[in-house]
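**Q** If it helps, the file is called data.pdb and holds PDB, C-alpha atoms:
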```
ATOM      1  CA  LEU A   1     101.341 154.959  86.202  1.00  0.00           C
ATOM      2  CA  ALA A   2     103.611 152.421  84.529  1.00  0.00           C
ATOM      3  CA  ASP A   3     106.683 154.551  85.149  1.00  0.00           C
ATOM      4  CA  VAL A   4     105.846 155.601  88.709  1.00  0.00           C
ATOM      5  CA  PRO A   5     108.685 154.485  91.029  1.00  0.00           C
ATOM      6  CA  LEU A   6     108.101 152.788  94.385  1.00  0.00           C
ATOM      7  CA  ASP A   7     109.781 153.754  97.612  1.00  0.00           C
ATOM      8  CA  LYS A   8     111.228 151.170 100.038  1.00  0.00           C
ATOM      9  CA  ALA A   9     108.121 150.971 102.236  1.00  0.00           C
ATOM     10  CA  GLN A  10     105.850 150.377  99.236  1.00  0.00           C
ATOM     11  CA  GLU A  11     108.235 147.740  97.917  1.00  0.00           C
ATOM     12  CA  ASP A  12     108.216 145.840 101.221  1.00  0.00           C
ATOM     13  CA  GLU A  13     104.426 145.995 101.443  1.00  0.00           C
ATOM     14  CA  LEU A  14     104.022 144.764  97.875  1.00  0.00           C
ATOM     15  CA  ARG A  15     106.477 141.919  98.409  1.00  0.00           C
ATOM     16  CA  LEU A  16     104.514 140.820 101.492  1.00  0.00           C
ATOM     17  CA  ARG A  17     101.173 140.935  99.667  1.00  0.00           C
ATOM     18  CA  LEU A  18     102.524 138.994  96.699  1.00  0.00           C
ATOM     19  CA  GLU A  19     103.675 136.199  98.975  1.00  0.00           C
ATOM     20  CA  LYS A  20     100.550 136.159 101.154  1.00  0.00           C
ATOM     21  CA  GLU A  21      97.831 136.508  98.509  1.00  0.00           C
ATOM     22  CA  TYR A  22      99.400 134.941  95.421  1.00  0.00           C
ATOM     23  CA  GLY A  23     102.102 132.665  96.792  1.00  0.00           C
ATOM     24  CA  ILE A  24     104.716 134.566  94.783  1.00  0.00           C
ATOM     25  CA  ARG A  25     108.003 134.844  96.640  1.00  0.00           C
ATOM     26  CA  LEU A  26     110.458 137.213  94.988  1.00  0.00           C
ATOM     27  CA  ARG A  27     113.960 136.863  96.357  1.00  0.00           C
ATOM     28  CA  GLN A  28     115.600 139.278  93.970  1.00  0.00           C
ATOM     29  CA  PRO A  29     115.082 143.049  94.344  1.00  0.00           C
ATOM     30  CA  LEU A  30     111.785 144.243  92.911  1.00  0.00           C
ATOM     31  CA  PRO A  31     111.784 146.363  89.763  1.00  0.00           C
ATOM     32  CA  ARG A  32     111.498 150.025  90.563  1.00  0.00           C
ATOM     33  CA  THR A  33     108.408 150.992  88.545  1.00  0.00           C
ATOM     34  CA  VAL A  34     104.778 149.862  88.599  1.00  0.00           C
ATOM     35  CA  GLY A  35     104.879 148.715  84.976  1.00  0.00           C
ATOM     36  CA  GLU A  36     107.937 146.534  85.507  1.00  0.00           C
ATOM     37  CA  ILE A  37     106.420 145.013  88.646  1.00  0.00           C
ATOM     38  CA  ALA A  38     103.193 144.201  86.785  1.00  0.00           C
ATOM     39  CA  GLU A  39     105.225 142.334  84.170  1.00  0.00           C
ATOM     40  CA  VAL A  40     107.030 140.339  86.865  1.00  0.00           C
ATOM     41  CA  ILE A  41     103.721 139.408  88.503  1.00  0.00           C
ATOM     42  CA  ARG A  42     102.277 138.330  85.154  1.00  0.00           C
ATOM     43  CA  SER A  43     105.295 136.128  84.456  1.00  0.00           C
ATOM     44  CA  CYS A  44     105.159 134.577  87.926  1.00  0.00           C
ATOM     45  CA  CYS A  45     101.443 133.817  87.609  1.00  0.00           C
ATOM     46  CA  GLU A  46     101.976 132.162  84.229  1.00  0.00           C
ATOM     47  CA  GLU A  47     104.789 130.059  85.658  1.00  0.00           C
ATOM     48  CA  LYS A  48     102.625 129.066  88.610  1.00  0.00           C
ATOM     49  CA  LYS A  49      99.801 127.979  86.284  1.00  0.00           C
ATOM     50  CA  ARG A  50     102.230 125.994  84.136  1.00  0.00           C
ATOM     51  CA  LYS A  51     103.545 124.126  87.158  1.00  0.00           C
ATOM     52  CA  ALA A  52     100.007 123.433  88.379  1.00  0.00           C
ATOM     53  CA  ARG A  53      99.260 121.613  85.112  1.00  0.00           C
ATOM     54  CA  ARG A  54     102.095 119.122  85.579  1.00  0.00           C
ATOM     55  CA  ILE A  55     101.182 115.432  85.713  1.00  0.00           C
ATOM     56  CA  ILE A  56     104.346 113.415  86.322  1.00  0.00           C
ATOM     57  CA  THR A  57     105.730 114.510  89.680  1.00  0.00           C
ATOM     58  CA  ILE A  58     107.091 112.581  92.646  1.00  0.00           C
ATOM     59  CA  PRO A  59     104.047 113.361  94.863  1.00  0.00           C
ATOM     60  CA  ASN A  60     101.666 112.211  92.119  1.00  0.00           C
ATOM     61  CA  LEU A  61     103.626 108.980  91.671  1.00  0.00           C
ATOM     62  CA  LEU A  62     103.480 108.389  95.423  1.00  0.00           C
ATOM     63  CA  SER A  63      99.707 108.867  95.381  1.00  0.00           C
ATOM     64  CA  LEU A  64      99.423 106.384  92.517  1.00  0.00           C
ATOM     65  CA  PHE A  65     101.618 103.974  94.470  1.00  0.00           C
ATOM     66  CA  ARG A  66      99.239 104.227  97.431  1.00  0.00           C
ATOM     67  CA  LEU A  67      96.319 103.361  95.182  1.00  0.00           C
ATOM     68  CA  LEU A  68      98.155 100.278  93.939  1.00  0.00           C
ATOM     69  CA  LEU A  69      98.810  99.189  97.525  1.00  0.00           C
ATOM     70  CA  ILE A  70      95.085  99.014  98.343  1.00  0.00           C
ATOM     71  CA  PRO A  71      94.279  95.660  96.666  1.00  0.00           C
ATOM     72  CA  VAL A  72      97.568  94.222  97.925  1.00  0.00           C
ATOM     73  CA  TYR A  73      96.678  95.062 101.522  1.00  0.00           C
ATOM     74  CA  ALA A  74      93.089  93.860 101.173  1.00  0.00           C
ATOM     75  CA  MET A  75      94.090  90.486  99.731  1.00  0.00           C
ATOM     76  CA  LEU A  76      96.778  89.918 102.340  1.00  0.00           C
ATOM     77  CA  TYR A  77      94.521  90.836 105.254  1.00  0.00           C
ATOM     78  CA  VAL A  78      91.471  88.896 104.107  1.00  0.00           C
ATOM     79  CA  HIS A  79      93.516  85.748 103.536  1.00  0.00           C
ATOM     80  CA  ALA A  80      95.827  86.202 106.535  1.00  0.00           C
ATOM     81  CA  GLU A  81      96.239  83.124 108.714  1.00  0.00           C
ATOM     82  CA  THR A  82      99.477  83.554 110.618  1.00  0.00           C
ATOM     83  CA  ALA A  83     100.944  86.329 112.741  1.00  0.00           C
ATOM     84  CA  LYS A  84     103.426  86.977 109.941  1.00  0.00           C
ATOM     85  CA  ASP A  85     100.572  87.576 107.488  1.00  0.00           C
ATOM     86  CA  TYR A  86      98.955  90.131 109.784  1.00  0.00           C
ATOM     87  CA  LEU A  87     102.289  91.808 110.416  1.00  0.00           C
ATOM     88  CA  LEU A  88     102.874  92.125 106.680  1.00  0.00           C
ATOM     89  CA  SER A  89      99.409  93.629 106.217  1.00  0.00           C
ATOM     90  CA  GLY A  90     100.149  96.156 108.946  1.00  0.00           C
ATOM     91  CA  ALA A  91     103.502  96.978 107.344  1.00  0.00           C
ATOM     92  CA  ILE A  92     101.776  97.775 104.049  1.00  0.00           C
ATOM     93  CA  LEU A  93      99.382 100.117 105.844  1.00  0.00           C
ATOM     94  CA  ALA A  94     102.322 101.782 107.577  1.00  0.00           C
ATOM     95  CA  LEU A  95     104.062 102.234 104.218  1.00  0.00           C
ATOM     96  CA  SER A  96     100.914 103.807 102.788  1.00  0.00           C
ATOM     97  CA  CYS A  97     100.684 106.171 105.750  1.00  0.00           C
ATOM     98  CA  ILE A  98     104.333 107.195 105.436  1.00  0.00           C
ATOM     99  CA  THR A  99     104.038 107.947 101.722  1.00  0.00           C
ATOM    100  CA  ASP A 100     100.889 109.948 102.469  1.00  0.00           C
ATOM    101  CA  LEU A 101     102.821 112.083 104.937  1.00  0.00           C
ATOM    102  CA  PHE A 102     105.785 112.635 102.655  1.00  0.00           C
ATOM    103  CA  ASP A 103     104.101 113.396  99.335  1.00  0.00           C
ATOM    104  CA  GLY A 104     102.753 116.703 100.637  1.00  0.00           C
ATOM    105  CA  LEU A 105     106.095 117.635 102.155  1.00  0.00           C
ATOM    106  CA  ILE A 106     107.874 116.869  98.899  1.00  0.00           C
ATOM    107  CA  ALA A 107     105.321 118.833  96.888  1.00  0.00           C
ATOM    108  CA  ARG A 108     105.796 121.938  99.019  1.00  0.00           C
ATOM    109  CA  ARG A 109     109.545 121.623  99.524  1.00  0.00           C
ATOM    110  CA  PHE A 110     110.389 121.086  95.851  1.00  0.00           C
ATOM    111  CA  ASP A 111     107.575 123.171  94.365  1.00  0.00           C
ATOM    112  CA  GLN A 112     105.778 120.184  92.816  1.00  0.00           C
ATOM    113  CA  ILE A 113     102.225 121.150  93.748  1.00  0.00           C
ATOM    114  CA  SER A 114      99.843 120.397  90.875  1.00  0.00           C
ATOM    115  CA  ASN A 115      96.104 120.391  90.250  1.00  0.00           C
ATOM    116  CA  LEU A 116      96.235 116.648  89.594  1.00  0.00           C
ATOM    117  CA  GLY A 117      98.015 116.114  92.887  1.00  0.00           C
ATOM    118  CA  LYS A 118      95.376 118.090  94.774  1.00  0.00           C
ATOM    119  CA  ALA A 119      92.771 115.649  93.463  1.00  0.00           C
ATOM    120  CA  LEU A 120      94.799 112.420  93.401  1.00  0.00           C
ATOM    121  CA  ASP A 121      96.164 112.663  96.941  1.00  0.00           C
ATOM    122  CA  PRO A 122      92.786 112.775  98.750  1.00  0.00           C
ATOM    123  CA  ILE A 123      91.393 110.067  96.452  1.00  0.00           C
ATOM    124  CA  ALA A 124      94.246 107.724  97.361  1.00  0.00           C
ATOM    125  CA  ASP A 125      93.953 108.741 100.992  1.00  0.00           C
ATOM    126  CA  LYS A 126      90.214 108.166 101.358  1.00  0.00           C
ATOM    127  CA  ALA A 127      90.187 105.002  99.262  1.00  0.00           C
ATOM    128  CA  THR A 128      92.897 103.519 101.465  1.00  0.00           C
ATOM    129  CA  GLN A 129      91.077 104.494 104.649  1.00  0.00           C
ATOM    130  CA  GLY A 130      87.753 103.165 103.375  1.00  0.00           C
ATOM    131  CA  VAL A 131      89.118  99.761 102.361  1.00  0.00           C
ATOM    132  CA  MET A 132      91.141  99.590 105.564  1.00  0.00           C
ATOM    133  CA  LEU A 133      88.041 100.210 107.688  1.00  0.00           C
ATOM    134  CA  LEU A 134      85.957  97.734 105.697  1.00  0.00           C
ATOM    135  CA  CYS A 135      88.498  94.971 106.146  1.00  0.00           C
ATOM    136  CA  VAL A 136      88.990  95.546 109.866  1.00  0.00           C
ATOM    137  CA  ALA A 137      85.249  96.007 110.510  1.00  0.00           C
ATOM    138  CA  ASP A 138      84.632  92.598 108.990  1.00  0.00           C
ATOM    139  CA  ARG A 139      86.658  91.126 111.865  1.00  0.00           C
ATOM    140  CA  HIS A 140      85.487  93.612 114.531  1.00  0.00           C
ATOM    141  CA  PRO A 141      81.790  94.395 113.810  1.00  0.00           C
ATOM    142  CA  VAL A 142      81.692  97.241 116.341  1.00  0.00           C
ATOM    143  CA  LEU A 143      83.805  99.246 113.883  1.00  0.00           C
ATOM    144  CA  TRP A 144      80.920  99.439 111.422  1.00  0.00           C
ATOM    145  CA  TRP A 145      79.793 102.457 113.447  1.00  0.00           C
ATOM    146  CA  LEU A 146      83.105 104.132 112.733  1.00  0.00           C
ATOM    147  CA  PHE A 147      82.885 103.231 109.062  1.00  0.00           C
ATOM    148  CA  GLY A 148      79.420 104.796 108.894  1.00  0.00           C
ATOM    149  CA  PHE A 149      80.696 108.024 110.441  1.00  0.00           C
ATOM    150  CA  PHE A 150      83.669 107.973 108.084  1.00  0.00           C
ATOM    151  CA  ALA A 151      81.344 107.549 105.082  1.00  0.00           C
ATOM    152  CA  LEU A 152      79.184 110.464 106.274  1.00  0.00           C
ATOM    153  CA  LYS A 153      82.181 112.757 106.704  1.00  0.00           C
ATOM    154  CA  GLU A 154      83.781 111.854 103.397  1.00  0.00           C
ATOM    155  CA  GLY A 155      80.455 112.029 101.595  1.00  0.00           C
ATOM    156  CA  PHE A 156      79.995 115.574 102.857  1.00  0.00           C
ATOM    157  CA  GLN A 157      83.484 116.559 101.717  1.00  0.00           C
ATOM    158  CA  LEU A 158      82.914 114.954  98.318  1.00  0.00           C
ATOM    159  CA  VAL A 159      79.630 116.776  97.745  1.00  0.00           C
ATOM    160  CA  MET A 160      81.010 120.122  98.885  1.00  0.00           C
ATOM    161  CA  GLY A 161      84.210 119.631  96.919  1.00  0.00           C
ATOM    162  CA  CYS A 162      82.259 118.940  93.722  1.00  0.00           C
ATOM    163  CA  TRP A 163      79.951 121.876  94.407  1.00  0.00           C
ATOM    164  CA  TYR A 164      82.782 124.357  94.754  1.00  0.00           C
ATOM    165  CA  LEU A 165      84.728 122.762  91.906  1.00  0.00           C
ATOM    166  CA  ARG A 166      81.836 123.568  89.581  1.00  0.00           C
ATOM    167  CA  LYS A 167      82.272 127.184  90.620  1.00  0.00           C
ATOM    168  CA  GLY A 168      86.011 127.030  89.945  1.00  0.00           C
ATOM    169  CA  GLN A 169      86.938 126.887  93.615  1.00  0.00           C
ATOM    170  CA  MET A 170      88.427 124.344  95.998  1.00  0.00           C
ATOM    171  CA  LEU A 171      90.171 124.048  99.328  1.00  0.00           C
ATOM    172  CA  PRO A 172      93.908 124.729  98.988  1.00  0.00           C
ATOM    173  CA  GLY A 173      94.692 121.419 100.669  1.00  0.00           C
ATOM    174  CA  ALA A 174      93.890 119.161 103.591  1.00  0.00           C
ATOM    175  CA  LEU A 175      93.228 120.872 106.907  1.00  0.00           C
ATOM    176  CA  MET A 176      95.567 120.154 109.797  1.00  0.00           C
ATOM    177  CA  SER A 177      92.743 118.531 111.771  1.00  0.00           C
ATOM    178  CA  GLY A 178      92.144 116.215 108.828  1.00  0.00           C
ATOM    179  CA  LYS A 179      95.808 115.253 108.676  1.00  0.00           C
ATOM    180  CA  VAL A 180      95.909 114.490 112.394  1.00  0.00           C
ATOM    181  CA  SER A 181      92.698 112.469 112.136  1.00  0.00           C
ATOM    182  CA  THR A 182      94.195 110.459 109.285  1.00  0.00           C
ATOM    183  CA  VAL A 183      97.354 109.656 111.240  1.00  0.00           C
ATOM    184  CA  VAL A 184      95.352 108.607 114.313  1.00  0.00           C
ATOM    185  CA  LEU A 185      93.089 106.413 112.192  1.00  0.00           C
ATOM    186  CA  PHE A 186      96.044 104.736 110.502  1.00  0.00           C
ATOM    187  CA  LEU A 187      97.813 104.073 113.797  1.00  0.00           C
ATOM    188  CA  CYS A 188      94.704 102.576 115.387  1.00  0.00           C
ATOM    189  CA  MET A 189      93.908 100.424 112.371  1.00  0.00           C
ATOM    190  CA  ILE A 190      97.495  99.197 112.130  1.00  0.00           C
ATOM    191  CA  LEU A 191      97.269  98.061 115.756  1.00  0.00           C
ATOM    192  CA  LEU A 192      94.024  96.227 115.020  1.00  0.00           C
ATOM    193  CA  VAL A 193      95.560  94.596 111.965  1.00  0.00           C
ATOM    194  CA  ILE A 194      98.737  93.486 113.714  1.00  0.00           C
ATOM    195  CA  PHE A 195      96.817  92.221 116.767  1.00  0.00           C
ATOM    196  CA  PRO A 196      93.693  90.596 115.279  1.00  0.00           C
ATOM    197  CA  ARG A 197      92.680  89.018 118.599  1.00  0.00           C
ATOM    198  CA  MET A 198      92.733  92.265 120.545  1.00  0.00           C
ATOM    199  CA  HIS A 199      90.289  92.341 123.474  1.00  0.00           C
ATOM    200  CA  SER A 200      86.903  93.911 122.742  1.00  0.00           C
ATOM    201  CA  TRP A 201      87.321  96.736 125.287  1.00  0.00           C
ATOM    202  CA  ALA A 202      90.580  97.776 123.616  1.00  0.00           C
ATOM    203  CA  VAL A 203      88.847  97.792 120.240  1.00  0.00           C
ATOM    204  CA  VAL A 204      86.132 100.065 121.629  1.00  0.00           C
ATOM    205  CA  LEU A 205      88.726 102.442 123.071  1.00  0.00           C
ATOM    206  CA  LEU A 206      90.453 102.709 119.704  1.00  0.00           C
ATOM    207  CA  LEU A 207      87.069 103.279 118.060  1.00  0.00           C
ATOM    208  CA  ILE A 208      86.271 106.135 120.455  1.00  0.00           C
ATOM    209  CA  LEU A 209      89.699 107.685 119.912  1.00  0.00           C
ATOM    210  CA  CYS A 210      89.288 107.622 116.133  1.00  0.00           C
ATOM    211  CA  ALA A 211      85.733 108.948 116.361  1.00  0.00           C
ATOM    212  CA  ILE A 212      86.809 111.938 118.468  1.00  0.00           C
ATOM    213  CA  PHE A 213      89.525 113.023 116.053  1.00  0.00           C
ATOM    214  CA  MET A 214      87.246 112.347 113.099  1.00  0.00           C
ATOM    215  CA  ALA A 215      84.510 114.516 114.631  1.00  0.00           C
ATOM    216  CA  VAL A 216      86.933 117.394 115.194  1.00  0.00           C
ATOM    217  CA  SER A 217      88.050 117.094 111.581  1.00  0.00           C
ATOM    218  CA  PHE A 218      84.429 117.004 110.375  1.00  0.00           C
ATOM    219  CA  ILE A 219      83.609 120.209 112.251  1.00  0.00           C
ATOM    220  CA  SER A 220      86.723 121.894 110.854  1.00  0.00           C
ATOM    221  CA  TYR A 221      85.699 121.091 107.289  1.00  0.00           C
ATOM    222  CA  ILE A 222      82.168 122.337 107.890  1.00  0.00           C
ATOM    223  CA  LYS A 223      83.641 125.629 109.078  1.00  0.00           C
ATOM    224  CA  ALA A 224      86.024 125.701 106.108  1.00  0.00           C
ATOM    225  CA  TYR A 225      83.094 125.479 103.696  1.00  0.00           C
ATOM    226  CA  PHE A 226      80.428 127.452 105.554  1.00  0.00           C
ATOM    227  CA  GLY A 227      82.172 129.457 108.269  1.00  0.00           C
ATOM    228  CA  ARG A 228      82.661 133.196 108.366  1.00  0.00           C
ATOM    229  CA  ASN A 229      86.245 132.778 107.164  1.00  0.00           C
ATOM    230  CA  LYS A 230      85.767 130.238 104.388  1.00  0.00           C
ATOM    231  CA  LYS A 231      88.999 128.688 103.148  1.00  0.00           C
ATOM    232  CA  VAL A 232      87.994 127.864  99.580  1.00  0.00           C
ATOM    233  CA  GLU A 233      89.967 129.630  96.891  1.00  0.00           C
ATOM    234  CA  LYS A 234      89.841 130.022  93.131  1.00  0.00           C
ATOM    235  CA  LEU A 235      91.640 127.509  90.940  1.00  0.00           C
TER     236      LEU A 235
END
```
Could you quickly redo this structure as structure tokens?

**A**
Amino acid sequence: LADVPLDKAQEDELRLRLEKEYGIRLRQPLPRTVGEIAEVIRSCCEEKKRKARRIITIPNLLSLFRLLLIPVYAMLYVHAETAKDYLLSGAILALSCITDLFDGLIARRFDQISNLGKALDPIADKATQGVMLLCVADRHPVLWWLFGFFALKEGFQLVMGCWYLRKGQMLPGALMSGKVSTVVLFLCMILLVIFPRMHSWAVVLLLILCAIFMAVSFISYIKAYFGRNKKVEKL
């Protein structure tokens, strides 16, 4: 079969399957025989694995930067006394949120997706959110309910992630509902940080808003792990 040629329809179908199932996008014309195509696929898979093992990439450095921002934000917020201090704390959170949004875009745009990045990005993300909620809840006790829900959701994702990782599987990345929930949480927390004397009813409204998006995200991840169309894939 190695020397069997492909016609145009078979070539188009194979090109589509390579891109959809393996993430291999071949821009040049495909080789004309099955054996030559198999060699191209093997080379592409090896290259993809090599790139996945990279450590020093821009997205990974951005994730590390976000981790380093956590103690800076916490110290500034806890010891804040003036409006300028709170504004600076909010600016650091905004910077963390922006880098969180851009590291994924950079990874996909410049082909810098790595296994380390898939682990480091959510760690930096959840650690930032957890510390952020803890700090703000200390000033607004009603937010402890939101922190508890956050801990439940993230605990579930951690357990399921470890479970599938032991089987050599993991989610390909954050779900869209999770990304939206993260942005909403950051925006609400930044408002609470910048305006520390916000009225209690406004705090409750922000809590409800965050809880709704967080619940939608939680349900999406449950479906991703247990639903009929599970989204976990092999490493």

**Q** Applied to this file, what does the PyMOL selection byres ((chain A and resi 218) around 10) return in terms of residues, put as a list in words?

**A**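 The output of the PyMOL selection byres ((chain A and resi 218) around 10) on this file is Phe149, Phe150, Leu152, Lys153, Glu154, Phe156, Gln157, Ser177, Gly178, Ser181, Ile212, Phe213, Met214, Ala215, Val216, Ser217, Ile219, Ser220, Tyr221, Ile222, Lys223 and Ala224 of chain A.
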
**Q** Which value, in Å to one decimal, gives the distance between atom CA of A:Ala9 and atom CA of A:Asn229?

**A**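 Rounded to one decimal, the two atoms are 28.9 Å apart.
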
**Q** Of the residues A:Leu120, A:Val204, A:Val183, A:Ile58, which is the one nearest to A:Arg108, using all atoms listed in the file?

**A**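 Of all the options, A:Ile58 lies closest to A:Arg108.
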
**Q** How many Å lie between atom CA of A:Tyr73 and atom CA of A:Ser89, rounded to one decimal?

**A** 5.6 Å

**Q** With distances taken over all atoms listed in the file, which of A:Ala74, A:Leu175, A:Ile190, A:Val184 is nearest to A:Leu87?

**A**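 Under the stated criterion, the closest residue is A:Ile190.
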
**Q** Within 8 Å of A:Asn60, counting all atoms listed in the file, which residues qualify if same-chain residues fewer than 3 places away don't, as a ChimeraX atom specification?

**A** /A:55-57,63-64,103,116-117,120-121

**Q** Create the file for the chosen residues now, containing C-alpha atoms and written as a PDB file, keeping the file's coordinate frame.

**A**
```pdb
ATOM      1  CA  ILE A  55     101.182 115.432  85.713  1.00  0.00           C
ATOM      2  CA  ILE A  56     104.346 113.415  86.322  1.00  0.00           C
ATOM      3  CA  THR A  57     105.730 114.510  89.680  1.00  0.00           C
ATOM      4  CA  SER A  63      99.707 108.867  95.381  1.00  0.00           C
ATOM      5  CA  LEU A  64      99.423 106.384  92.517  1.00  0.00           C
ATOM      6  CA  ASP A 103     104.101 113.396  99.335  1.00  0.00           C
ATOM      7  CA  LEU A 116      96.235 116.648  89.594  1.00  0.00           C
ATOM      8  CA  GLY A 117      98.015 116.114  92.887  1.00  0.00           C
ATOM      9  CA  LEU A 120      94.799 112.420  93.401  1.00  0.00           C
ATOM     10  CA  ASP A 121      96.164 112.663  96.941  1.00  0.00           C
TER      11      ASP A 121
END
```

**Q** In Å, rounded to a single decimal, give me how far atom CA of A:Gly155 is from atom CA of A:Tyr77.

**A** 25.7 Å

**Q** Using only C-alpha atoms, which of A:Ile113, A:Met132, A:Ala107, A:Leu88 sits nearest A:Ile70?

**A** A:Met132
